[in-house]
$ cat protein_28.cif   # mmCIF, C-alpha atoms
data_final
loop_
_atom_site.label_atom_id
_atom_site.label_comp_id
_atom_site.auth_asym_id
_atom_site.auth_seq_id
_atom_site.Cartn_x
_atom_site.Cartn_y
_atom_site.Cartn_z
CA MET E 1 -7.24 -109.64 -31.74
CA ARG E 2 -4.50 -108.96 -34.27
CA PHE E 3 -5.28 -106.42 -36.97
CA LEU E 4 -3.15 -106.35 -40.11
CA GLY E 5 -3.63 -103.07 -41.93
CA TYR E 6 -2.04 -99.96 -43.36
CA PHE E 7 -2.56 -96.38 -42.26
CA ARG E 8 -3.77 -95.12 -45.63
CA SER E 9 -6.05 -98.00 -46.62
CA SER E 10 -9.70 -96.91 -46.59
CA SER E 11 -10.76 -100.44 -45.71
CA ALA E 12 -8.43 -100.56 -42.71
CA TYR E 13 -9.63 -97.06 -41.72
CA ARG E 14 -13.24 -98.35 -41.68
CA CYS E 15 -12.27 -101.18 -39.34
CA ARG E 16 -10.38 -98.84 -37.02
CA ILE E 17 -13.48 -96.68 -36.60
CA ALA E 18 -15.54 -99.79 -35.86
CA PHE E 19 -13.02 -100.99 -33.23
CA ASN E 20 -13.09 -97.55 -31.62
CA LEU E 21 -16.90 -97.27 -31.61
CA LYS E 22 -17.05 -100.68 -29.94
CA GLY E 23 -14.21 -99.87 -27.54
CA LEU E 24 -12.24 -102.91 -28.70
CA GLU E 25 -8.49 -103.23 -28.22
CA TYR E 26 -6.31 -104.86 -30.86
CA ASP E 27 -2.68 -105.47 -31.69
CA PHE E 28 -1.83 -103.66 -34.88
CA GLU E 29 0.61 -104.97 -37.47
CA SER E 30 1.45 -102.78 -40.42
CA VAL E 31 1.46 -104.27 -43.92
CA HIS E 32 3.34 -101.72 -45.99
CA LEU E 33 1.38 -101.60 -49.24
CA LYS E 34 3.62 -99.20 -51.10
CA SER E 35 6.60 -101.49 -50.70
CA GLY E 36 4.49 -104.55 -51.55
CA GLN E 37 4.52 -106.34 -48.17
CA GLN E 38 0.99 -107.62 -48.93
CA LYS E 39 2.56 -109.85 -51.63
CA ALA E 40 4.97 -111.55 -49.24
CA PRO E 41 4.24 -115.32 -49.09
CA ALA E 42 3.51 -115.20 -45.33
CA TYR E 43 0.81 -112.57 -45.81
CA ALA E 44 -0.60 -114.13 -49.00
CA ALA E 45 -1.02 -117.40 -47.11
CA VAL E 46 -3.32 -115.58 -44.67
CA ASN E 47 -5.03 -113.33 -47.22
CA PRO E 48 -4.95 -114.87 -50.74
CA GLN E 49 -6.27 -111.63 -52.19
CA MET E 50 -3.10 -109.90 -50.94
CA LEU E 51 -5.07 -106.88 -49.77
CA VAL E 52 -5.50 -105.33 -46.35
CA PRO E 53 -7.06 -105.58 -43.86
CA THR E 54 -7.01 -108.97 -42.17
CA LEU E 55 -8.34 -109.53 -38.68
CA ILE E 56 -7.08 -112.49 -36.68
CA ALA E 57 -9.54 -113.17 -33.88
CA ASP E 58 -8.57 -114.43 -30.45
CA ASP E 59 -9.50 -117.99 -31.47
CA GLY E 60 -7.15 -117.75 -34.47
CA GLN E 61 -9.75 -117.45 -37.23
CA GLU E 62 -8.79 -115.13 -40.05
CA LEU E 63 -11.27 -112.60 -41.35
CA THR E 64 -10.96 -110.48 -44.48
CA GLN E 65 -12.95 -107.81 -46.36
CA SER E 66 -13.76 -104.78 -44.23
CA LEU E 67 -17.57 -104.94 -44.46
CA ALA E 68 -17.58 -108.63 -43.55
CA ILE E 69 -15.18 -107.91 -40.68
CA ILE E 70 -17.39 -105.09 -39.38
CA GLU E 71 -20.59 -107.17 -39.57
CA TRP E 72 -18.73 -109.96 -37.73
CA LEU E 73 -17.58 -107.51 -35.06
CA ASP E 74 -21.17 -106.31 -34.74
CA GLU E 75 -22.47 -109.86 -34.34
CA THR E 76 -19.70 -110.78 -31.88
CA TYR E 77 -19.53 -107.61 -29.76
CA ALA E 78 -23.11 -106.38 -29.83
CA ASP E 79 -22.78 -103.10 -27.99
CA PRO E 80 -23.10 -100.46 -29.37
CA PRO E 81 -24.73 -101.80 -32.54
CA LEU E 82 -23.34 -100.56 -35.85
CA LEU E 83 -26.35 -101.71 -37.89
CA PRO E 84 -30.02 -100.93 -37.20
CA ALA E 85 -32.21 -103.61 -35.61
CA ASP E 86 -34.94 -103.01 -38.21
CA LYS E 87 -34.31 -105.16 -41.29
CA ASP E 88 -35.64 -102.59 -43.75
CA LEU E 89 -33.42 -99.84 -42.41
CA ARG E 90 -30.54 -102.31 -42.20
CA ALA E 91 -30.92 -102.91 -45.95
CA GLN E 92 -30.70 -99.16 -46.58
CA VAL E 93 -27.56 -98.87 -44.46
CA ARG E 94 -25.96 -101.83 -46.19
CA ALA E 95 -26.85 -100.45 -49.62
CA PHE E 96 -25.37 -97.04 -48.81
CA SER E 97 -22.21 -98.70 -47.50
CA GLN E 98 -21.98 -100.82 -50.64
CA VAL E 99 -22.29 -97.77 -52.89
CA ILE E 100 -18.96 -96.75 -51.37
CA ALA E 101 -17.34 -100.17 -50.94
CA CYS E 102 -18.49 -101.70 -54.25
CA GLU E 103 -18.68 -98.72 -56.58
CA ILE E 104 -16.38 -95.90 -55.47
CA HIS E 105 -13.48 -97.28 -53.48
CA PRO E 106 -12.49 -100.13 -55.89
CA LEU E 107 -11.78 -97.57 -58.60
CA GLN E 108 -9.31 -95.59 -56.50
CA ASN E 109 -7.49 -98.51 -54.96
CA LEU E 110 -3.69 -98.39 -54.95
CA ARG E 111 -3.39 -101.34 -57.36
CA VAL E 112 -5.77 -99.68 -59.84
CA LEU E 113 -3.92 -96.35 -59.67
CA GLN E 114 -0.64 -98.23 -60.17
CA TYR E 115 -2.15 -99.86 -63.27
CA LEU E 116 -3.33 -96.50 -64.64
CA ARG E 117 0.10 -94.92 -64.14
CA GLY E 118 2.10 -98.02 -65.06
CA GLU E 119 0.49 -100.23 -67.70
CA LEU E 120 -1.71 -97.47 -69.17
CA ARG E 121 0.92 -94.71 -68.76
CA LEU E 122 -1.64 -92.09 -67.82
CA ASP E 123 -0.24 -88.74 -66.78
CA GLU E 124 -1.29 -87.12 -63.50
CA ASP E 125 -3.91 -85.01 -65.24
CA ALA E 126 -5.63 -88.10 -66.64
CA VAL E 127 -5.40 -89.88 -63.27
CA SER E 128 -7.00 -86.85 -61.60
CA LYS E 129 -9.83 -86.92 -64.12
CA TRP E 130 -10.36 -90.62 -63.45
CA LEU E 131 -10.53 -89.97 -59.70
CA ALA E 132 -12.75 -86.91 -60.08
CA ARG E 133 -15.15 -88.90 -62.23
CA TRP E 134 -15.63 -91.90 -59.95
CA LEU E 135 -15.29 -90.22 -56.56
CA GLY E 136 -17.30 -87.21 -57.66
CA GLU E 137 -20.10 -89.21 -59.27
CA GLY E 138 -20.14 -91.74 -56.45
CA LEU E 139 -20.22 -89.27 -53.57
CA THR E 140 -22.85 -87.20 -55.41
CA ALA E 141 -25.00 -90.35 -55.53
CA CYS E 142 -24.42 -90.76 -51.77
CA GLU E 143 -25.53 -87.14 -51.22
CA ASP E 144 -28.64 -87.76 -53.37
CA ILE E 145 -29.47 -90.90 -51.37
CA LEU E 146 -29.18 -88.96 -48.10
CA ASN E 147 -31.24 -86.05 -49.44
CA LYS E 148 -33.88 -88.45 -50.74
CA ARG E 149 -34.28 -89.76 -47.19
CA GLY E 150 -34.89 -86.15 -46.18
CA GLU E 151 -33.67 -86.77 -42.66
CA ASP E 152 -31.96 -83.99 -40.75
CA SER E 153 -30.01 -86.38 -38.55
CA ARG E 154 -26.50 -85.97 -37.15
CA PHE E 155 -25.27 -89.05 -38.97
CA CYS E 156 -26.21 -90.82 -42.22
CA PHE E 157 -29.01 -92.85 -40.69
CA GLY E 158 -30.15 -91.34 -37.44
CA ASP E 159 -28.38 -89.72 -34.53
CA VAL E 160 -25.93 -92.47 -33.71
CA PRO E 161 -23.02 -93.35 -35.99
CA GLY E 162 -22.98 -96.70 -37.75
CA LEU E 163 -21.77 -98.66 -40.75
CA ALA E 164 -22.77 -95.99 -43.28
CA ASP E 165 -20.72 -93.33 -41.49
CA ILE E 166 -17.86 -95.80 -41.08
CA CYS E 167 -17.73 -96.12 -44.87
CA LEU E 168 -18.39 -92.47 -45.65
CA VAL E 169 -15.65 -90.82 -43.59
CA PRO E 170 -12.67 -92.67 -45.13
CA GLN E 171 -14.13 -92.04 -48.59
CA VAL E 172 -14.39 -88.30 -47.90
CA PHE E 173 -10.81 -88.41 -46.61
CA SER E 174 -9.72 -89.99 -49.92
CA ALA E 175 -11.60 -87.41 -51.96
CA GLN E 176 -9.81 -84.64 -50.07
CA ARG E 177 -6.45 -86.36 -50.42
CA PHE E 178 -6.92 -86.73 -54.17
CA GLY E 179 -8.10 -83.13 -54.54
CA VAL E 180 -11.61 -84.04 -55.69
CA ASP E 181 -13.93 -81.08 -55.09
CA ILE E 182 -16.87 -82.20 -52.97
CA SER E 183 -17.51 -78.82 -51.36
CA GLY E 184 -21.00 -78.75 -52.88
CA LEU E 185 -22.09 -81.93 -51.08
CA LYS E 186 -23.59 -80.16 -48.08
CA ARG E 187 -25.10 -83.11 -46.23
CA ILE E 188 -21.97 -85.24 -46.58
CA ASN E 189 -19.76 -82.42 -45.32
CA GLU E 190 -22.05 -81.88 -42.32
CA ILE E 191 -22.05 -85.57 -41.42
CA ASN E 192 -18.30 -85.79 -41.93
CA ALA E 193 -17.81 -82.88 -39.51
CA ASN E 194 -20.14 -84.49 -36.96
CA CYS E 195 -18.13 -87.70 -37.18
CA ALA E 196 -14.79 -85.89 -36.91
CA ALA E 197 -15.95 -84.47 -33.57
CA LEU E 198 -16.08 -87.99 -32.11
CA PRO E 199 -12.83 -89.52 -30.79
CA ALA E 200 -13.79 -92.90 -32.31
CA PHE E 201 -13.48 -91.31 -35.74
CA SER E 202 -10.68 -88.81 -35.13
CA GLN E 203 -8.42 -91.38 -33.47
CA ALA E 204 -8.84 -93.62 -36.53
CA GLU E 205 -7.45 -91.01 -38.94
CA PRO E 206 -4.48 -92.15 -41.03
CA ALA E 207 -2.17 -89.46 -39.61
CA LYS E 208 -2.68 -90.84 -36.10
CA GLN E 209 -1.61 -94.40 -36.89
CA PRO E 210 1.77 -95.83 -35.81
CA ASP E 211 2.76 -96.62 -39.42
CA PHE E 212 1.86 -93.17 -40.74
CA GLU E 213 4.22 -91.62 -43.28
CA ALA E 214 3.79 -88.07 -44.52
CA MET J 1 -42.36 -107.31 -55.90
CA ARG J 2 -41.12 -105.33 -58.87
CA PHE J 3 -37.59 -105.98 -60.01
CA LEU J 4 -35.85 -103.43 -62.22
CA GLY J 5 -32.86 -104.97 -63.91
CA TYR J 6 -31.08 -105.82 -67.12
CA PHE J 7 -30.36 -109.25 -68.55
CA ARG J 8 -26.59 -108.77 -68.71
CA SER J 9 -26.00 -107.03 -65.39
CA SER J 10 -24.09 -109.30 -63.00
CA SER J 11 -25.80 -107.65 -60.04
CA ALA J 12 -29.26 -108.31 -61.47
CA TYR J 13 -28.17 -111.87 -62.30
CA ARG J 14 -27.23 -112.39 -58.63
CA CYS J 15 -30.69 -111.26 -57.52
CA ARG J 16 -32.42 -113.50 -60.05
CA ILE J 17 -30.63 -116.55 -58.66
CA ALA J 18 -31.64 -115.52 -55.12
CA PHE J 19 -35.30 -115.11 -56.16
CA ASN J 20 -35.23 -118.52 -57.80
CA LEU J 21 -33.56 -120.26 -54.86
CA LYS J 22 -36.22 -118.77 -52.57
CA GLY J 23 -39.02 -119.58 -55.03
CA LEU J 24 -40.10 -115.92 -55.12
CA GLU J 25 -42.17 -114.45 -57.95
CA TYR J 26 -41.57 -110.91 -59.19
CA ASP J 27 -42.60 -108.56 -61.94
CA PHE J 28 -39.61 -107.76 -64.09
CA GLU J 29 -39.01 -104.39 -65.71
CA SER J 30 -36.05 -104.02 -68.02
CA VAL J 31 -33.78 -100.98 -67.68
CA HIS J 32 -31.84 -100.94 -70.93
CA LEU J 33 -28.33 -100.01 -69.83
CA LYS J 34 -26.73 -99.82 -73.26
CA SER J 35 -29.22 -97.18 -74.39
CA GLY J 36 -28.88 -95.31 -71.08
CA GLN J 37 -32.37 -95.88 -69.64
CA GLN J 38 -30.83 -95.94 -66.15
CA LYS J 39 -30.15 -92.20 -66.55
CA ALA J 40 -33.79 -91.31 -67.24
CA PRO J 41 -35.12 -88.95 -64.52
CA ALA J 42 -37.86 -91.41 -63.47
CA TYR J 43 -35.29 -94.14 -62.79
CA ALA J 44 -32.73 -91.79 -61.22
CA ALA J 45 -35.43 -90.64 -58.78
CA VAL J 46 -35.74 -94.24 -57.59
CA ASN J 47 -32.06 -95.14 -57.79
CA PRO J 48 -29.81 -92.03 -57.48
CA GLN J 49 -26.80 -94.12 -58.40
CA MET J 50 -28.42 -94.80 -61.78
CA LEU J 51 -27.36 -98.43 -61.69
CA VAL J 52 -29.36 -101.64 -61.71
CA PRO J 53 -30.87 -103.47 -59.96
CA THR J 54 -33.63 -101.91 -57.88
CA LEU J 55 -36.17 -103.99 -56.00
CA ILE J 56 -39.52 -102.44 -55.11
CA ALA J 57 -41.07 -104.49 -52.33
CA ASP J 58 -44.79 -105.10 -51.94
CA ASP J 59 -45.01 -102.30 -49.36
CA GLY J 60 -43.41 -99.85 -51.82
CA GLN J 61 -39.97 -99.59 -50.25
CA GLU J 62 -37.12 -99.30 -52.71
CA LEU J 63 -34.01 -101.43 -52.26
CA THR J 64 -30.74 -101.11 -54.12
CA GLN J 65 -27.33 -102.80 -54.25
CA SER J 66 -27.51 -106.51 -54.98
CA LEU J 67 -25.82 -107.79 -51.80
CA ALA J 68 -28.05 -105.61 -49.60
CA ILE J 69 -31.10 -106.79 -51.57
CA ILE J 70 -30.12 -110.44 -51.16
CA GLU J 71 -29.48 -110.09 -47.41
CA TRP J 72 -32.88 -108.35 -47.11
CA LEU J 73 -34.54 -111.18 -49.05
CA ASP J 74 -32.85 -113.65 -46.74
CA GLU J 75 -34.07 -111.80 -43.65
CA THR J 76 -37.59 -111.41 -45.07
CA TYR J 77 -38.12 -114.83 -46.68
CA ALA J 78 -36.11 -117.09 -44.44
CA ASP J 79 -36.43 -120.41 -46.26
CA PRO J 80 -34.12 -121.67 -47.67
CA PRO J 81 -31.38 -119.59 -46.03
CA LEU J 82 -28.74 -118.08 -48.32
CA LEU J 83 -26.31 -117.31 -45.50
CA PRO J 84 -25.04 -119.74 -42.83
CA ALA J 85 -26.52 -119.56 -39.33
CA ASP J 86 -23.03 -119.63 -37.79
CA LYS J 87 -21.63 -116.11 -37.52
CA ASP J 88 -18.03 -117.13 -38.21
CA LEU J 89 -18.95 -119.00 -41.37
CA ARG J 90 -21.29 -116.17 -42.33
CA ALA J 91 -18.31 -113.79 -42.20
CA GLN J 92 -16.38 -116.09 -44.55
CA VAL J 93 -19.30 -116.22 -47.00
CA ARG J 94 -19.72 -112.45 -46.90
CA ALA J 95 -15.99 -111.90 -47.41
CA PHE J 96 -15.89 -114.26 -50.41
CA SER J 97 -18.92 -112.50 -51.90
CA GLN J 98 -17.29 -109.12 -51.35
CA VAL J 99 -14.11 -110.22 -53.09
CA ILE J 100 -16.31 -110.47 -56.17
CA ALA J 101 -18.70 -107.57 -55.54
CA CYS J 102 -16.12 -105.08 -54.22
CA GLU J 103 -12.93 -106.04 -56.04
CA ILE J 104 -13.67 -107.79 -59.33
CA HIS J 105 -17.05 -106.72 -60.67
CA PRO J 106 -16.60 -102.92 -60.24
CA LEU J 107 -13.63 -102.98 -62.60
CA GLN J 108 -15.58 -104.62 -65.45
CA ASN J 109 -18.78 -102.62 -65.09
CA LEU J 110 -20.30 -101.18 -68.27
CA ARG J 111 -19.62 -97.57 -67.22
CA VAL J 112 -15.94 -98.36 -66.52
CA LEU J 113 -15.51 -100.14 -69.86
CA GLN J 114 -17.19 -97.19 -71.57
CA TYR J 115 -14.69 -94.87 -69.87
CA LEU J 116 -11.73 -97.02 -70.94
CA ARG J 117 -12.92 -97.10 -74.57
CA GLY J 118 -14.23 -93.52 -74.62
CA GLU J 119 -12.28 -91.07 -72.45
CA LEU J 120 -9.07 -93.16 -72.37
CA ARG J 121 -9.40 -94.35 -76.00
CA LEU J 122 -8.06 -97.81 -75.21
CA ASP J 123 -8.14 -100.25 -78.09
CA GLU J 124 -9.75 -103.69 -77.68
CA ASP J 125 -6.42 -105.30 -76.95
CA ALA J 126 -5.80 -102.96 -74.02
CA VAL J 127 -9.36 -103.44 -72.75
CA SER J 128 -8.87 -107.22 -72.91
CA LYS J 129 -5.66 -106.90 -70.90
CA TRP J 130 -7.48 -104.78 -68.29
CA LEU J 131 -10.22 -107.41 -68.00
CA ALA J 132 -7.78 -110.32 -67.94
CA ARG J 133 -5.83 -108.64 -65.16
CA TRP J 134 -8.70 -107.90 -62.77
CA LEU J 135 -10.95 -110.87 -63.53
CA GLY J 136 -8.02 -113.26 -63.71
CA GLU J 137 -6.35 -112.03 -60.53
CA GLY J 138 -9.67 -111.78 -58.69
CA LEU J 139 -11.00 -115.20 -59.61
CA THR J 140 -7.60 -116.73 -58.86
CA ALA J 141 -7.88 -115.23 -55.37
CA CYS J 142 -11.34 -116.81 -55.08
CA GLU J 143 -9.89 -120.17 -56.11
CA ASP J 144 -7.11 -119.78 -53.53
CA ILE J 145 -9.65 -118.93 -50.82
CA LEU J 146 -11.68 -122.05 -51.68
CA ASN J 147 -8.58 -124.25 -51.80
CA LYS J 148 -7.38 -122.82 -48.50
CA ARG J 149 -10.66 -124.02 -46.92
CA GLY J 150 -9.76 -127.46 -48.27
CA GLU J 151 -13.42 -128.48 -48.45
CA ASP J 152 -14.56 -130.88 -51.13
CA SER J 153 -18.13 -129.59 -51.10
CA ARG J 154 -20.56 -129.26 -54.02
CA PHE J 155 -20.79 -125.50 -53.58
CA CYS J 156 -18.46 -122.78 -52.28
CA PHE J 157 -19.37 -123.26 -48.63
CA GLY J 158 -20.97 -126.64 -48.10
CA ASP J 159 -23.42 -128.75 -50.03
CA VAL J 160 -26.21 -126.21 -50.41
CA PRO J 161 -25.89 -123.13 -52.62
CA GLY J 162 -25.80 -119.70 -51.03
CA LEU J 163 -24.63 -116.13 -51.34
CA ALA J 164 -21.07 -117.04 -52.36
CA ASP J 165 -22.31 -119.17 -55.28
CA ILE J 166 -24.82 -116.45 -56.20
CA CYS J 167 -21.89 -114.06 -56.64
CA LEU J 168 -19.51 -116.56 -58.23
CA VAL J 169 -21.68 -117.80 -61.11
CA PRO J 170 -22.37 -114.39 -62.74
CA GLN J 171 -18.69 -113.52 -62.37
CA VAL J 172 -17.65 -116.73 -64.13
CA PHE J 173 -20.22 -115.93 -66.83
CA SER J 174 -18.59 -112.50 -67.30
CA ALA J 175 -15.11 -113.99 -67.47
CA GLN J 176 -16.28 -116.35 -70.22
CA ARG J 177 -18.06 -113.56 -72.08
CA PHE J 178 -14.92 -111.39 -71.99
CA GLY J 179 -12.72 -114.29 -73.07
CA VAL J 180 -10.69 -114.40 -69.85
CA ASP J 181 -9.06 -117.80 -69.52
CA ILE J 182 -10.03 -119.35 -66.18
CA SER J 183 -9.74 -122.96 -67.32
CA GLY J 184 -7.02 -123.55 -64.70
CA LEU J 185 -9.33 -122.69 -61.81
CA LYS J 186 -10.45 -126.24 -61.13
CA ARG J 187 -12.53 -125.73 -58.02
CA ILE J 188 -14.40 -122.72 -59.45
CA ASN J 189 -15.21 -124.60 -62.65
CA GLU J 190 -16.50 -127.57 -60.66
CA ILE J 191 -18.72 -125.39 -58.48
CA ASN J 192 -19.93 -123.45 -61.51
CA ALA J 193 -20.96 -126.72 -63.18
CA ASN J 194 -22.73 -127.90 -60.02
CA CYS J 195 -24.65 -124.62 -59.92
CA ALA J 196 -25.53 -124.77 -63.63
CA ALA J 197 -27.21 -128.12 -63.02
CA LEU J 198 -29.75 -126.43 -60.74
CA PRO J 199 -32.80 -124.74 -62.37
CA ALA J 200 -32.50 -121.80 -59.91
CA PHE J 201 -29.17 -120.94 -61.53
CA SER J 202 -29.82 -121.98 -65.12
CA GLN J 203 -33.14 -120.12 -65.32
CA ALA J 204 -31.36 -116.95 -64.16
CA GLU J 205 -28.91 -116.96 -67.08
CA PRO J 206 -28.88 -113.77 -69.16
CA ALA J 207 -29.90 -115.60 -72.35
CA LYS J 208 -33.11 -116.77 -70.69
CA GLN J 209 -34.35 -113.31 -69.69
CA PRO J 210 -37.17 -111.51 -71.52
CA ASP J 211 -34.96 -108.53 -72.38
CA PHE J 212 -32.12 -110.67 -73.75
CA GLU J 213 -30.38 -109.44 -76.88
CA ALA J 214 -27.76 -111.51 -78.68
#
$ encode --input "protein_28.cif" --output "structure tokens"
Amino acid sequence: MRFLGYFRSSSAYRCRIAFNLKGLEYDFESVHLKSGQQKAPAYAAVNPQMLVPTLIADDGQELTQSLAIIEWLDETYADPPLLPADKDLRAQVRAFSQVIACEIHPLQNLRVLQYLRGELRLDEDAVSKWLARWLGEGLTACEDILNKRGEDSRFCFGDVPGLADICLVPQVFSAQRFGVDISGLKRINEINANCAALPAFSQAEPAKQPDFEA
Amino acid sequence: MRFLGYFRSSSAYRCRIAFNLKGLEYDFESVHLKSGQQKAPAYAAVNPQMLVPTLIADDGQELTQSLAIIEWLDETYADPPLLPADKDLRAQVRAFSQVIACEIHPLQNLRVLQYLRGELRLDEDAVSKWLARWLGEGLTACEDILNKRGEDSRFCFGDVPGLADICLVPQVFSAQRFGVDISGLKRINEINANCAALPAFSQAEPAKQPDFEA
């Protein structure tokens, strides 16, 4: 498998955790987002959205969108499963993951931040408020969802890590990077620490990737 | 089933199409987003994200996030399927749907537009530019993805409607409502017209809902 990503992309980070949990090897190719490599014609031909990541499977098929990639990995390499076998619980895991992927992450994407700073000429204070609003509100909703379940499990849904944790950890990383205060989100911080103790998660961290830049 | 939604919400619109395609009946309860009913404690207790839709199944379980709801419907009421049986094609359908649900729709959500007009004090011209940028760029990527497949099918992926069409039609509706010019997106306009000819899609239109307001 060839994996086209970028060390700092949350979506690529999610896929890296999934590869690691499954024990899958892949050839990594960096697409340097800050210098706009995702807009190069060769990459746009593969991924018309000009976003990372893209997975090119061994049979040559091209897969995009991190959640779709991870569900495909789960359906192709079954062990260990990243989604619950029970359809009702699976819906809860997907919904939690989509709170992050559909409601939080899109508002802190590089292209959106570039628009805020560029076209809208927001200063750093206003950008920080934007980030604090959407990451703070979104992760608080995640905490509420976890508390509503009332489960005292090691991970979001039970005692084995899965798709929900795969989405949560990169989002917590982003919140920390952007200086959003989530210290009050007790359950999320516990789960994040439990994940960080696993090599599958820690080896996927941005700072440990070959294209990392400080 | 009880379905808590709002006539104009794209996410609720997606679910309505799915119900109709499956021939499922449901009791509808309107959550009036513009007057902030989604923030009422009774609703927030059910849906901590304070967004629509929420589906309450016959056994009382609460489901949120439209894509998770639709996959659950598909796994619970199998006929007709809304996702392909082939896992590779399923990944393509999910990815296309996520381009809309994770990259386009979040940037035109009511709460984001309220933030642009309120906290950022953007005038209508600047809001229109924001919408034109993200809806235009996003739907153009969708068009490119469809053209890249090179299929001359009635719907996004083949000759039966499914999850991709369920996501596409409400997004096209939003683009039209916001005055974003997508007249050049030939394939999308064709598919949208093919969908509109089906009662499952046309009966799900915002203007045909009991809580519709002009």
$ closest_atom_pairs --input "protein_28.cif" --of "chain J" --to "chain E" --cutoff "7 Å" --atoms "only C-alpha atoms" --output "CSV"
residue,atom,partner,partner_atom,distance
J:Pro48,CA,E:Ala141,CA,5.5
J:Gln49,CA,E:Ala141,CA,5.1
J:Leu63,CA,E:Gln92,CA,7.0
J:Thr64,CA,E:Ala95,CA,6.0
J:Gln65,CA,E:Ala95,CA,5.2
J:Ala68,CA,E:Ala95,CA,5.3
J:Ile69,CA,E:Ala91,CA,6.8
J:Trp72,CA,E:Ala91,CA,5.9
J:Lys87,CA,E:Trp72,CA,6.8
J:Ala91,CA,E:Ala68,CA,5.4
J:Gln92,CA,E:Leu63,CA,7.0
J:Arg94,CA,E:Ala68,CA,5.5
J:Ala95,CA,E:Gln65,CA,5.2
J:Gln98,CA,E:Gln65,CA,6.7
J:Ala101,CA,E:Cys102,CA,6.0
J:Cys102,CA,E:Cys102,CA,4.1
J:Glu103,CA,E:Pro106,CA,5.9
J:Pro106,CA,E:Glu103,CA,5.9
J:Leu107,CA,E:Leu107,CA,7.0
J:Ala141,CA,E:Gln49,CA,5.1
J:Asp144,CA,E:Pro48,CA,6.0
J:Ile145,CA,E:Pro48,CA,6.2
$ resolve_selection --input "protein_28.cif" --expression "the PyMOL selection byres ((chain E and resi 23) around 12)" --output "count of residues only"
21
$ resolve_selection --input "protein_28.cif" --expression "the PyMOL selection byres ((chain J and resi 196) around 12)" --output "ChimeraX atom specification"
/J:17,154-155,161,165-166,168-170,172-173,189-195,197-205
$ atom_distance --input "protein_28.cif" --atom1 "CA of Arg187 in chain E" --atom2 "CA of Asp125 in chain E"
28.5 Å
$ atom_distance --input "protein_28.cif" --atom1 "CA of Leu131 in chain J" --atom2 "CA of Arg111 in chain E"
14.0 Å
$ atom_distance --input "protein_28.cif" --atom1 "CA of Ile188 in chain J" --atom2 "CA of Gln171 in chain J"
10.6 Å
$ closest_residue --input "protein_28.cif" --among "J:Gly184, J:Ser128, J:Pro206, J:Ile56" --to "Ala12 in chain J" --atoms "only C-alpha atoms"
J:Pro206
$ closest_residue --input "protein_28.cif" --among "J:Gly179, J:Leu83, J:Ser35, J:Ala164" --to "Glu124 in chain J" --atoms "only C-alpha atoms"
J:Gly179
$ resolve_selection --input "protein_28.cif" --expression "the PyMOL selection byres ((chain J and resi 36) around 12)" --output "MDAnalysis selection string"
chainID J and resid 6 30:35 37:41 43:44 50:52 110:111 114
$ closest_residue --input "protein_28.cif" --among "E:Phe212, E:Phe3, E:Phe178, E:Phe157" --to "Gly60 in chain E" --atoms "all atoms listed in the file"
E:Phe3
